[in-house]
file run22.cif (mmCIF, C-alpha atoms)
data_coords
loop_
_atom_site.label_atom_id
_atom_site.label_comp_id
_atom_site.auth_asym_id
_atom_site.auth_seq_id
_atom_site.Cartn_x
_atom_site.Cartn_y
_atom_site.Cartn_z
CA MET A 1 -26.93 -3.89 32.03
CA LYS A 2 -28.72 -6.25 29.64
CA ALA A 3 -26.41 -8.80 27.98
CA LEU A 4 -26.14 -8.81 24.21
CA ASN A 5 -27.67 -11.66 22.21
CA ARG A 6 -25.12 -14.29 21.19
CA GLY A 7 -26.57 -14.69 17.70
CA LEU A 8 -23.42 -14.82 15.57
CA GLY A 9 -22.38 -18.31 14.49
CA LEU A 10 -19.44 -19.67 12.52
CA ARG A 11 -20.74 -18.56 9.11
CA ASP A 12 -21.48 -15.02 10.30
CA VAL A 13 -18.08 -14.59 11.95
CA THR A 14 -16.23 -16.09 8.96
CA LEU A 15 -17.92 -13.72 6.51
CA LEU A 16 -17.26 -10.80 8.85
CA GLY A 17 -13.61 -11.82 9.10
CA ILE A 18 -13.25 -11.96 5.32
CA ALA A 19 -14.85 -8.52 5.02
CA CYS A 20 -12.38 -7.18 7.59
CA ILE A 21 -9.40 -8.56 5.65
CA VAL A 22 -9.99 -8.08 1.95
CA GLY A 23 -9.58 -4.79 0.09
CA THR A 24 -8.37 -3.70 -3.33
CA ARG A 25 -5.82 -1.12 -2.13
CA TRP A 26 -3.05 -3.67 -1.62
CA LEU A 27 -3.34 -5.39 -4.98
CA ALA A 28 -1.33 -2.76 -6.84
CA THR A 29 1.46 -2.84 -4.25
CA ALA A 30 1.67 -6.63 -4.46
CA ALA A 31 1.59 -6.67 -8.27
CA HIS A 32 4.27 -3.98 -8.49
CA ALA A 33 6.56 -6.19 -6.39
CA GLY A 34 6.08 -9.13 -8.77
CA PRO A 35 4.73 -12.69 -8.63
CA GLY A 36 6.71 -13.43 -5.46
CA SER A 37 4.03 -11.48 -3.57
CA VAL A 38 1.73 -14.47 -3.98
CA THR A 39 4.15 -16.62 -1.99
CA LEU A 40 4.34 -13.89 0.65
CA PHE A 41 0.55 -13.87 0.95
CA LEU A 42 0.60 -17.63 1.52
CA LEU A 43 3.33 -17.31 4.15
CA ALA A 44 1.52 -14.43 5.86
CA GLY A 45 -1.65 -16.49 6.02
CA LEU A 46 0.20 -19.34 7.68
CA LEU A 47 2.59 -17.41 9.95
CA PHE A 48 0.54 -14.29 10.72
CA VAL A 49 -3.22 -14.71 10.21
CA TRP A 50 -3.54 -18.19 11.71
CA PRO A 51 -1.59 -17.37 14.93
CA THR A 52 -3.51 -14.10 15.26
CA ALA A 53 -6.82 -15.97 15.02
CA GLN A 54 -5.69 -18.42 17.71
CA ALA A 55 -4.62 -15.57 20.00
CA VAL A 56 -7.84 -13.60 19.47
CA GLY A 57 -9.88 -16.77 20.06
CA ALA A 58 -8.02 -17.55 23.29
CA LEU A 59 -8.47 -14.00 24.59
CA ALA A 60 -12.15 -13.91 23.61
CA GLU A 61 -12.67 -17.21 25.41
CA ARG A 62 -11.02 -15.85 28.54
CA ARG A 63 -12.79 -12.46 28.38
CA PRO A 64 -15.97 -13.09 26.33
CA GLY A 65 -17.37 -9.57 26.64
CA ALA A 66 -17.69 -6.83 24.03
CA GLY A 67 -14.73 -4.51 23.59
CA GLY A 68 -11.86 -6.66 22.37
CA GLN A 69 -8.44 -5.18 23.08
CA TYR A 70 -9.83 -2.66 25.56
CA VAL A 71 -11.45 -5.35 27.73
CA TRP A 72 -8.47 -7.70 27.52
CA ALA A 73 -5.95 -5.04 28.58
CA ARG A 74 -8.23 -3.51 31.23
CA GLU A 75 -9.14 -6.76 32.93
CA ASP A 76 -5.56 -8.06 33.13
CA PHE A 77 -3.57 -4.84 33.60
CA GLY A 78 -5.98 -2.14 34.81
CA ASP A 79 -8.04 0.76 33.51
CA TRP A 80 -5.07 2.85 32.34
CA HIS A 81 -3.69 0.05 30.18
CA GLY A 82 -7.13 -0.61 28.72
CA PHE A 83 -7.50 3.05 27.83
CA LEU A 84 -4.00 3.22 26.34
CA ALA A 85 -4.42 0.06 24.25
CA PHE A 86 -7.67 1.18 22.69
CA TRP A 87 -6.62 4.82 22.31
CA LEU A 88 -3.55 3.80 20.32
CA TYR A 89 -5.70 1.53 18.19
CA TRP A 90 -8.06 4.37 17.33
CA ILE A 91 -5.18 6.74 16.66
CA GLY A 92 -4.04 4.21 14.06
CA ILE A 93 -7.52 4.21 12.52
CA ALA A 94 -7.61 8.03 12.55
CA CYS A 95 -4.39 8.04 10.53
CA TRP A 96 -5.65 5.30 8.22
CA VAL A 97 -8.98 6.93 7.31
CA PRO A 98 -7.69 9.99 5.38
CA ASN A 99 -4.99 7.88 3.75
CA ALA A 100 -7.56 5.34 2.53
CA ALA A 101 -9.98 8.03 1.36
CA LEU A 102 -7.27 9.79 -0.66
CA ALA A 103 -6.14 6.50 -2.18
CA TYR A 104 -9.60 5.32 -3.24
CA ILE A 105 -10.60 8.73 -4.61
CA SER A 106 -7.34 8.95 -6.56
CA ILE A 107 -7.89 5.46 -7.99
CA ALA A 108 -11.43 6.35 -9.08
CA ALA A 109 -10.26 9.65 -10.60
CA TYR A 110 -7.49 7.87 -12.50
CA ALA A 111 -10.06 5.61 -14.15
CA ILE A 112 -11.99 8.62 -15.42
CA ASP A 113 -8.97 10.67 -16.51
CA PRO A 114 -5.37 10.30 -15.23
CA ALA A 115 -4.97 14.09 -15.40
CA LEU A 116 -7.56 14.48 -12.63
CA VAL A 117 -5.12 12.95 -10.15
CA GLU A 118 -2.91 16.04 -10.49
CA ASN A 119 -5.74 18.27 -9.27
CA ARG A 120 -4.94 18.10 -5.56
CA SER A 121 -7.78 20.38 -4.50
CA LEU A 122 -10.29 18.13 -6.25
CA ILE A 123 -8.85 14.93 -4.75
CA VAL A 124 -8.60 16.31 -1.20
CA GLY A 125 -12.07 17.88 -1.38
CA ALA A 126 -13.60 14.64 -2.67
CA ALA A 127 -11.78 12.64 0.03
CA VAL A 128 -13.10 14.91 2.79
CA ALA A 129 -16.61 14.61 1.36
CA ALA A 130 -16.23 10.83 1.23
CA ILE A 131 -15.12 10.67 4.88
CA TRP A 132 -18.11 12.67 6.07
CA THR A 133 -20.44 10.65 3.83
CA GLY A 134 -19.11 7.48 5.45
CA VAL A 135 -19.61 8.97 8.91
CA GLY A 136 -23.10 10.09 7.97
CA ILE A 137 -24.05 6.64 6.76
CA ASN A 138 -22.84 5.22 10.05
CA LEU A 139 -24.90 7.71 12.02
CA LEU A 140 -28.07 6.77 10.14
CA GLY A 141 -28.15 3.51 12.04
CA VAL A 142 -27.10 -0.11 11.93
CA ARG A 143 -29.59 -1.10 9.23
CA ILE A 144 -28.46 1.52 6.70
CA GLY A 145 -24.81 0.99 7.61
CA ARG A 146 -25.15 -2.76 7.15
CA TRP A 147 -26.55 -2.36 3.63
CA ASN A 148 -23.75 0.03 2.78
CA GLN A 149 -21.11 -2.40 4.02
CA ASN A 150 -22.76 -5.30 2.18
CA ALA A 151 -22.73 -3.29 -1.04
CA ALA A 152 -19.06 -2.46 -0.46
CA SER A 153 -18.17 -6.13 0.00
CA VAL A 154 -20.01 -7.07 -3.18
CA ALA A 155 -18.23 -4.27 -5.07
CA THR A 156 -14.82 -5.44 -3.83
CA TRP A 157 -15.40 -9.04 -4.90
CA LEU A 158 -16.90 -7.99 -8.24
CA MET A 159 -13.77 -5.97 -8.98
CA ALA A 160 -11.64 -9.04 -8.32
CA LEU A 161 -13.99 -11.24 -10.37
CA PHE A 162 -13.94 -8.99 -13.45
CA LEU A 163 -10.18 -8.57 -13.10
CA VAL A 164 -9.75 -12.36 -13.15
CA LEU A 165 -12.16 -12.74 -16.08
CA ALA A 166 -10.30 -10.10 -18.08
CA ALA A 167 -6.94 -11.68 -17.24
CA GLY A 168 -8.21 -15.13 -18.23
CA ALA A 169 -9.50 -13.88 -21.58
CA VAL A 170 -6.27 -12.00 -22.34
CA PHE A 171 -4.16 -15.00 -21.27
CA LEU A 172 -6.02 -17.27 -23.72
CA ARG A 173 -5.40 -14.78 -26.52
CA GLN A 174 -1.81 -13.73 -25.98
CA GLY A 175 -0.44 -15.33 -22.82
CA SER A 176 0.86 -13.63 -19.70
CA ALA A 177 2.67 -10.29 -19.74
CA THR A 178 4.73 -11.43 -16.76
CA SER A 179 6.85 -14.51 -16.20
CA LEU A 180 5.16 -16.02 -13.15
CA ASN A 181 8.18 -16.83 -10.97
CA LEU A 182 6.80 -17.19 -7.44
CA MET A 183 10.13 -16.78 -5.63
CA PRO A 184 9.56 -13.98 -3.08
CA PRO A 185 11.92 -10.98 -3.02
CA LEU A 186 14.60 -11.29 -0.36
CA GLY A 187 17.00 -8.87 1.34
CA LEU A 188 16.67 -5.73 3.42
CA ASP A 189 14.97 -3.83 0.60
CA ALA A 190 12.12 -6.35 0.67
CA LEU A 191 11.31 -5.90 4.37
CA ASN A 192 8.93 -3.03 3.65
CA LEU A 193 7.00 -5.21 1.22
CA TRP A 194 6.82 -8.07 3.73
CA SER A 195 5.33 -5.73 6.33
CA GLN A 196 2.76 -4.39 3.84
CA ILE A 197 1.71 -7.91 2.88
CA ALA A 198 1.15 -8.71 6.57
CA PHE A 199 -0.75 -5.45 7.10
CA ALA A 200 -3.02 -6.27 4.15
CA LEU A 201 -4.13 -9.40 6.02
CA THR A 202 -4.93 -7.70 9.33
CA GLY A 203 -8.52 -7.50 10.53
CA ILE A 204 -9.07 -10.70 12.51
CA GLU A 205 -8.48 -8.75 15.75
CA LEU A 206 -11.74 -6.86 15.11
CA LEU A 207 -13.71 -10.04 15.77
CA GLY A 208 -12.77 -9.82 19.45
CA MET A 209 -14.74 -6.59 19.79
CA MET A 210 -17.93 -8.58 19.21
CA GLY A 211 -17.11 -11.33 21.70
CA GLU A 212 -20.37 -10.89 23.59
CA GLU A 213 -22.43 -11.42 20.41
CA ILE A 214 -20.67 -14.62 19.25
CA ARG A 215 -21.77 -18.12 20.24
CA ASP A 216 -18.86 -19.92 21.93
CA PRO A 217 -16.49 -17.05 20.98
CA GLY A 218 -13.22 -18.86 21.64
CA LYS A 219 -13.93 -21.86 19.41
CA THR A 220 -15.86 -19.88 16.80
CA ILE A 221 -13.22 -17.18 16.34
CA ARG A 222 -10.42 -19.75 16.07
CA ARG A 223 -12.24 -21.65 13.34
CA ALA A 224 -13.57 -18.58 11.56
CA GLY A 225 -10.16 -16.91 11.72
CA TRP A 226 -8.32 -19.50 9.66
CA MET A 227 -11.18 -19.79 7.15
CA ALA A 228 -11.34 -16.00 6.77
CA GLY A 229 -7.56 -15.91 6.44
CA LEU A 230 -7.75 -18.53 3.69
CA GLY A 231 -10.39 -16.45 1.90
CA GLY A 232 -8.22 -13.35 2.18
CA VAL A 233 -5.12 -15.14 0.91
CA LEU A 234 -7.02 -16.53 -2.07
CA PHE A 235 -8.50 -13.11 -2.86
CA TYR A 236 -5.14 -11.34 -2.83
CA SER A 237 -3.21 -14.12 -4.55
CA VAL A 238 -5.61 -14.66 -7.46
CA ALA A 239 -6.26 -10.94 -8.03
CA THR A 240 -2.52 -10.15 -7.91
CA LEU A 241 -1.82 -12.86 -10.50
CA ALA A 242 -4.60 -11.41 -12.67
CA ILE A 243 -2.93 -8.00 -12.68
CA LEU A 244 0.44 -9.58 -13.52
CA VAL A 245 -1.07 -11.49 -16.44
CA LEU A 246 -2.32 -8.18 -17.84
CA GLN A 247 0.84 -6.10 -17.31
CA LYS A 248 4.43 -6.28 -16.12
CA PRO A 249 5.36 -5.35 -12.51
CA GLU A 250 7.55 -2.42 -13.60
CA GLU A 251 4.59 -0.98 -15.53
CA THR A 252 2.30 -1.26 -12.49
CA SER A 253 1.85 1.78 -10.26
CA VAL A 254 1.75 1.04 -6.53
CA LEU A 255 -1.38 3.20 -6.33
CA PHE A 256 -3.17 2.95 -9.68
CA GLY A 257 -2.14 -0.58 -10.66
CA ILE A 258 -5.62 -2.10 -10.53
CA MET A 259 -7.02 0.65 -12.78
CA GLN A 260 -4.10 0.30 -15.17
CA ALA A 261 -4.82 -3.42 -15.39
CA ALA A 262 -8.51 -2.67 -16.01
CA GLN A 263 -7.54 -0.30 -18.82
CA VAL A 264 -5.25 -2.91 -20.38
CA GLY A 265 -8.06 -5.46 -20.24
CA ALA A 266 -10.53 -2.96 -21.67
CA THR A 267 -8.24 -2.13 -24.58
CA SER A 268 -7.40 -5.77 -25.35
CA LEU A 269 -10.95 -7.09 -25.10
CA GLY A 270 -13.01 -4.06 -26.08
CA TRP A 271 -14.52 -3.85 -22.61
CA PHE A 272 -14.40 -0.04 -22.54
CA TRP A 273 -16.88 0.07 -19.67
CA LEU A 274 -14.53 -1.81 -17.34
CA PRO A 275 -12.44 1.11 -15.93
CA PHE A 276 -15.54 3.19 -15.25
CA MET A 277 -17.22 0.26 -13.50
CA PHE A 278 -14.07 -0.13 -11.41
CA ALA A 279 -14.22 3.58 -10.52
CA VAL A 280 -17.78 3.18 -9.20
CA PHE A 281 -16.90 0.00 -7.32
CA SER A 282 -13.82 1.67 -5.82
CA VAL A 283 -15.95 4.48 -4.36
CA MET A 284 -18.52 1.96 -3.07
CA SER A 285 -15.77 -0.07 -1.41
CA MET A 286 -14.34 3.04 0.22
CA LEU A 287 -17.69 4.21 1.61
CA GLY A 288 -18.32 0.78 3.05
CA GLN A 289 -14.99 0.73 4.85
CA LEU A 290 -15.36 4.30 6.14
CA GLY A 291 -18.95 3.63 7.21
CA GLY A 292 -17.82 0.59 9.17
CA ILE A 293 -15.33 2.47 11.35
#
call {"tool": "encode", "arguments": {"input": "run22.cif", "output": "structure tokens"}}
result
Amino acid sequence: MKALNRGLGLRDVTLLGIACIVGTRWLATAAHAGPGSVTLFLLAGLLFVWPTAQAVGALAERRPGAGGQYVWAREDFGDWHGFLAFWLYWIGIACWVPNAALAYISIAAYAIDPALVENRSLIVGAAVAAIWTGVGINLLGVRIGRWNQNAASVATWLMALFLVLAAGAVFLRQGSATSLNLMPPLGLDALNLWSQIAFALTGIELLGMMGEEIRDPGKTIRRAGWMAGLGGVLFYSVATLAILVLQKPEETSVLFGIMQAAQVGATSLGWFWLPFMFAVFSVMSMLGQLGGI
């Protein structure tokens, strides 16, 4: 079997790692929990993303072939363990896909008219159509899929950029809606939030699947992992603060928070196009993620 070309360098792997980590779904959850989420993102980057990158880099260096978790488990523990490891991973993805599609479609519908969210048939039907559109894009080939994923990444970062711009303009006019106390929430009730913050920063493990296409995979993944983790932490931290400047945590829905913030910014600044632009970008981001599965 012909070996794959090791054409991916540090820049390529870093950008891929950032794309695997960032997403707008988690911003509302973090903002709803309050400014302490920013501290949790920083801690997760240090105590979760960085060790994960080191582990993935070490495993990719030891088993530098394509396949990631499947290859690592199979080579060290046998075929059955390889099958089980990767099967469980894909079961997790199979559960994630409909959840993500419903969330993104609901967010986009909320931007158009909050009443649309109550139409369950419409939301479910649109989510199913989105899933099959994502699959169809993937089946069209790598070139089409790559453009779709690039467009999704641009849409995700543009949403964060316009959110920050709106928050900055509102802050200069009337200050922050939230007192920015960065003390993270503690106690048993906060454990669910801590786990969600960590889950928002997952994605580095996907780099191991491309081990045969990365130059010096062990060293490259280690270095790219912490840089991608830093990019993800900055994305989530700054965008979460932007939402909190625009509205209070108790007024922020764990699902529609980013659209609510866009509507607040639109009303305060006269940017009435902002929520509708966010709706389009939300759908683009979703199709990119579904197309990349």
call {"tool": "residues_around", "arguments": {"input": "run22.cif", "residues": "Gly229 (chain A)", "least_positions_apart": "2", "cutoff": "9 Å", "atoms": "all atoms listed in the file", "output": "PyMOL selection string"}}
result
chain A and resi 17-18+21+45-46+49-50+53+201+204+224-227+231-234
call {"tool": "residues_around", "arguments": {"input": "run22.cif", "residues": "Pro64 (chain A)", "least_positions_apart": "5", "cutoff": "9 Å", "atoms": "all atoms listed in the file", "output": "VMD selection string"}}
result
chain A and resid 59 208 210 to 214 216 to 218
call {"tool": "residues_near_point", "arguments": {"input": "run22.cif", "point": "(-1.4, -12.1, -3.2)", "cutoff": "6 Å", "atoms": "all atoms listed in the file", "output": "MDAnalysis selection string"}}
result
chainID A and resid 37:38 41 236:237 240
call {"tool": "resolve_selection", "arguments": {"input": "run22.cif", "expression": "the PyMOL selection byres ((chain A and resi 251) around 12)", "output": "number ranges by chain"}}
result
A: 28-29, 31-34, 177-178, 243-250, 252-258, 260-261, 264
call {"tool": "write_last_selection", "arguments": {"input": "run22.cif", "atoms": "C-alpha atoms", "output": "PDB file, keeping the file's coordinate frame"}}
result
ATOM      1  CA  ALA A  28      -1.330  -2.760  -6.840  1.00  0.00           C
ATOM      2  CA  THR A  29       1.460  -2.840  -4.250  1.00  0.00           C
ATOM      3  CA  ALA A  31       1.590  -6.670  -8.270  1.00  0.00           C
ATOM      4  CA  HIS A  32       4.270  -3.980  -8.490  1.00  0.00           C
ATOM      5  CA  ALA A  33       6.560  -6.190  -6.390  1.00  0.00           C
ATOM      6  CA  GLY A  34       6.080  -9.130  -8.770  1.00  0.00           C
ATOM      7  CA  ALA A 177       2.670 -10.290 -19.740  1.00  0.00           C
ATOM      8  CA  THR A 178       4.730 -11.430 -16.760  1.00  0.00           C
ATOM      9  CA  ILE A 243      -2.930  -8.000 -12.680  1.00  0.00           C
ATOM     10  CA  LEU A 244       0.440  -9.580 -13.520  1.00  0.00           C
ATOM     11  CA  VAL A 245      -1.070 -11.490 -16.440  1.00  0.00           C
ATOM     12  CA  LEU A 246      -2.320  -8.180 -17.840  1.00  0.00           C
ATOM     13  CA  GLN A 247       0.840  -6.100 -17.310  1.00  0.00           C
ATOM     14  CA  LYS A 248       4.430  -6.280 -16.120  1.00  0.00           C
ATOM     15  CA  PRO A 249       5.360  -5.350 -12.510  1.00  0.00           C
ATOM     16  CA  GLU A 250       7.550  -2.420 -13.600  1.00  0.00           C
ATOM     17  CA  THR A 252       2.300  -1.260 -12.490  1.00  0.00           C
ATOM     18  CA  SER A 253       1.850   1.780 -10.260  1.00  0.00           C
ATOM     19  CA  VAL A 254       1.750   1.040  -6.530  1.00  0.00           C
ATOM     20  CA  LEU A 255      -1.380   3.200  -6.330  1.00  0.00           C
ATOM     21  CA  PHE A 256      -3.170   2.950  -9.680  1.00  0.00           C
ATOM     22  CA  GLY A 257      -2.140  -0.580 -10.660  1.00  0.00           C
ATOM     23  CA  ILE A 258      -5.620  -2.100 -10.530  1.00  0.00           C
ATOM     24  CA  GLN A 260      -4.100   0.300 -15.170  1.00  0.00           C
ATOM     25  CA  ALA A 261      -4.820  -3.420 -15.390  1.00  0.00           C
ATOM     26  CA  VAL A 264      -5.250  -2.910 -20.380  1.00  0.00           C
TER      27      VAL A 264
END
call {"tool": "atom_distance", "arguments": {"input": "run22.cif", "atom1": "CA of Ala44 (chain A)", "atom2": "CA of Pro184 (chain A)"}}
result
12.0 Å
call {"tool": "atom_distance", "arguments": {"input": "run22.cif", "atom1": "CA of Pro98 (chain A)", "atom2": "CA of Asp12 (chain A)"}}
result
29.0 Å
call {"tool": "residues_around", "arguments": {"input": "run22.cif", "residues": "Ile105 (chain A)", "least_positions_apart": "2", "cutoff": "10 Å", "atoms": "all atoms listed in the file", "output": "PyMOL selection string"}}
result
chain A and resi 100-103+107-110+117+122-128+130+279+282-283+286
call {"tool": "write_last_selection", "arguments": {"input": "run22.cif", "atoms": "C-alpha atoms", "output": "compact mmCIF listing (two decimals), in the coordinates of the input"}}
result
# COMPACT_ATOMS: atom_id res chain seq x y z
CA ALA A 100 -7.56 5.34 2.53
CA ALA A 101 -9.98 8.03 1.36
CA LEU A 102 -7.27 9.79 -0.66
CA ALA A 103 -6.14 6.50 -2.18
CA ILE A 107 -7.89 5.46 -7.99
CA ALA A 108 -11.43 6.35 -9.08
CA ALA A 109 -10.26 9.65 -10.60
CA TYR A 110 -7.49 7.87 -12.50
CA VAL A 117 -5.12 12.95 -10.15
CA LEU A 122 -10.29 18.13 -6.25
CA ILE A 123 -8.85 14.93 -4.75
CA VAL A 124 -8.60 16.31 -1.20
CA GLY A 125 -12.07 17.88 -1.38
CA ALA A 126 -13.60 14.64 -2.67
CA ALA A 127 -11.78 12.64 0.03
CA VAL A 128 -13.10 14.91 2.79
CA ALA A 130 -16.23 10.83 1.23
CA ALA A 279 -14.22 3.58 -10.52
CA SER A 282 -13.82 1.67 -5.82
CA VAL A 283 -15.95 4.48 -4.36
CA MET A 286 -14.34 3.04 0.22
call {"tool": "axis_aligned_box", "arguments": {"input": "run22.cif", "around": "region 169-177 of chain A", "padding_each_side": "4 Å", "output": "AutoDock Vina command-line options"}}
result
--center_x -3.4 --center_y -13.8 --center_z -23.1 --size_x 20.2 --size_y 15.0 --size_z 14.8
call {"tool": "closest_residue", "arguments": {"input": "run22.cif", "among": "A:Val97, A:Ala266, A:Val170, A:Leu42", "to": "Trp132 (chain A)", "atoms": "all atoms listed in the file"}}
result
A:Val97
call {"tool": "closest_residue", "arguments": {"input": "run22.cif", "among": "A:Ile221, A:Ala111, A:Val154, A:Ala198", "to": "Leu47 (chain A)", "atoms": "only C-alpha atoms"}}
result
A:Ala198
call {"tool": "atom_distance", "arguments": {"input": "run22.cif", "atom1": "CA of Ala30 (chain A)", "atom2": "CA of Leu116 (chain A)"}}
result
24.4 Å
call {"tool": "closest_residue", "arguments": {"input": "run22.cif", "among": "A:Arg25, A:Leu161, A:Trp87, A:Met259", "to": "Asn99 (chain A)", "atoms": "only C-alpha atoms"}}
result
A:Arg25
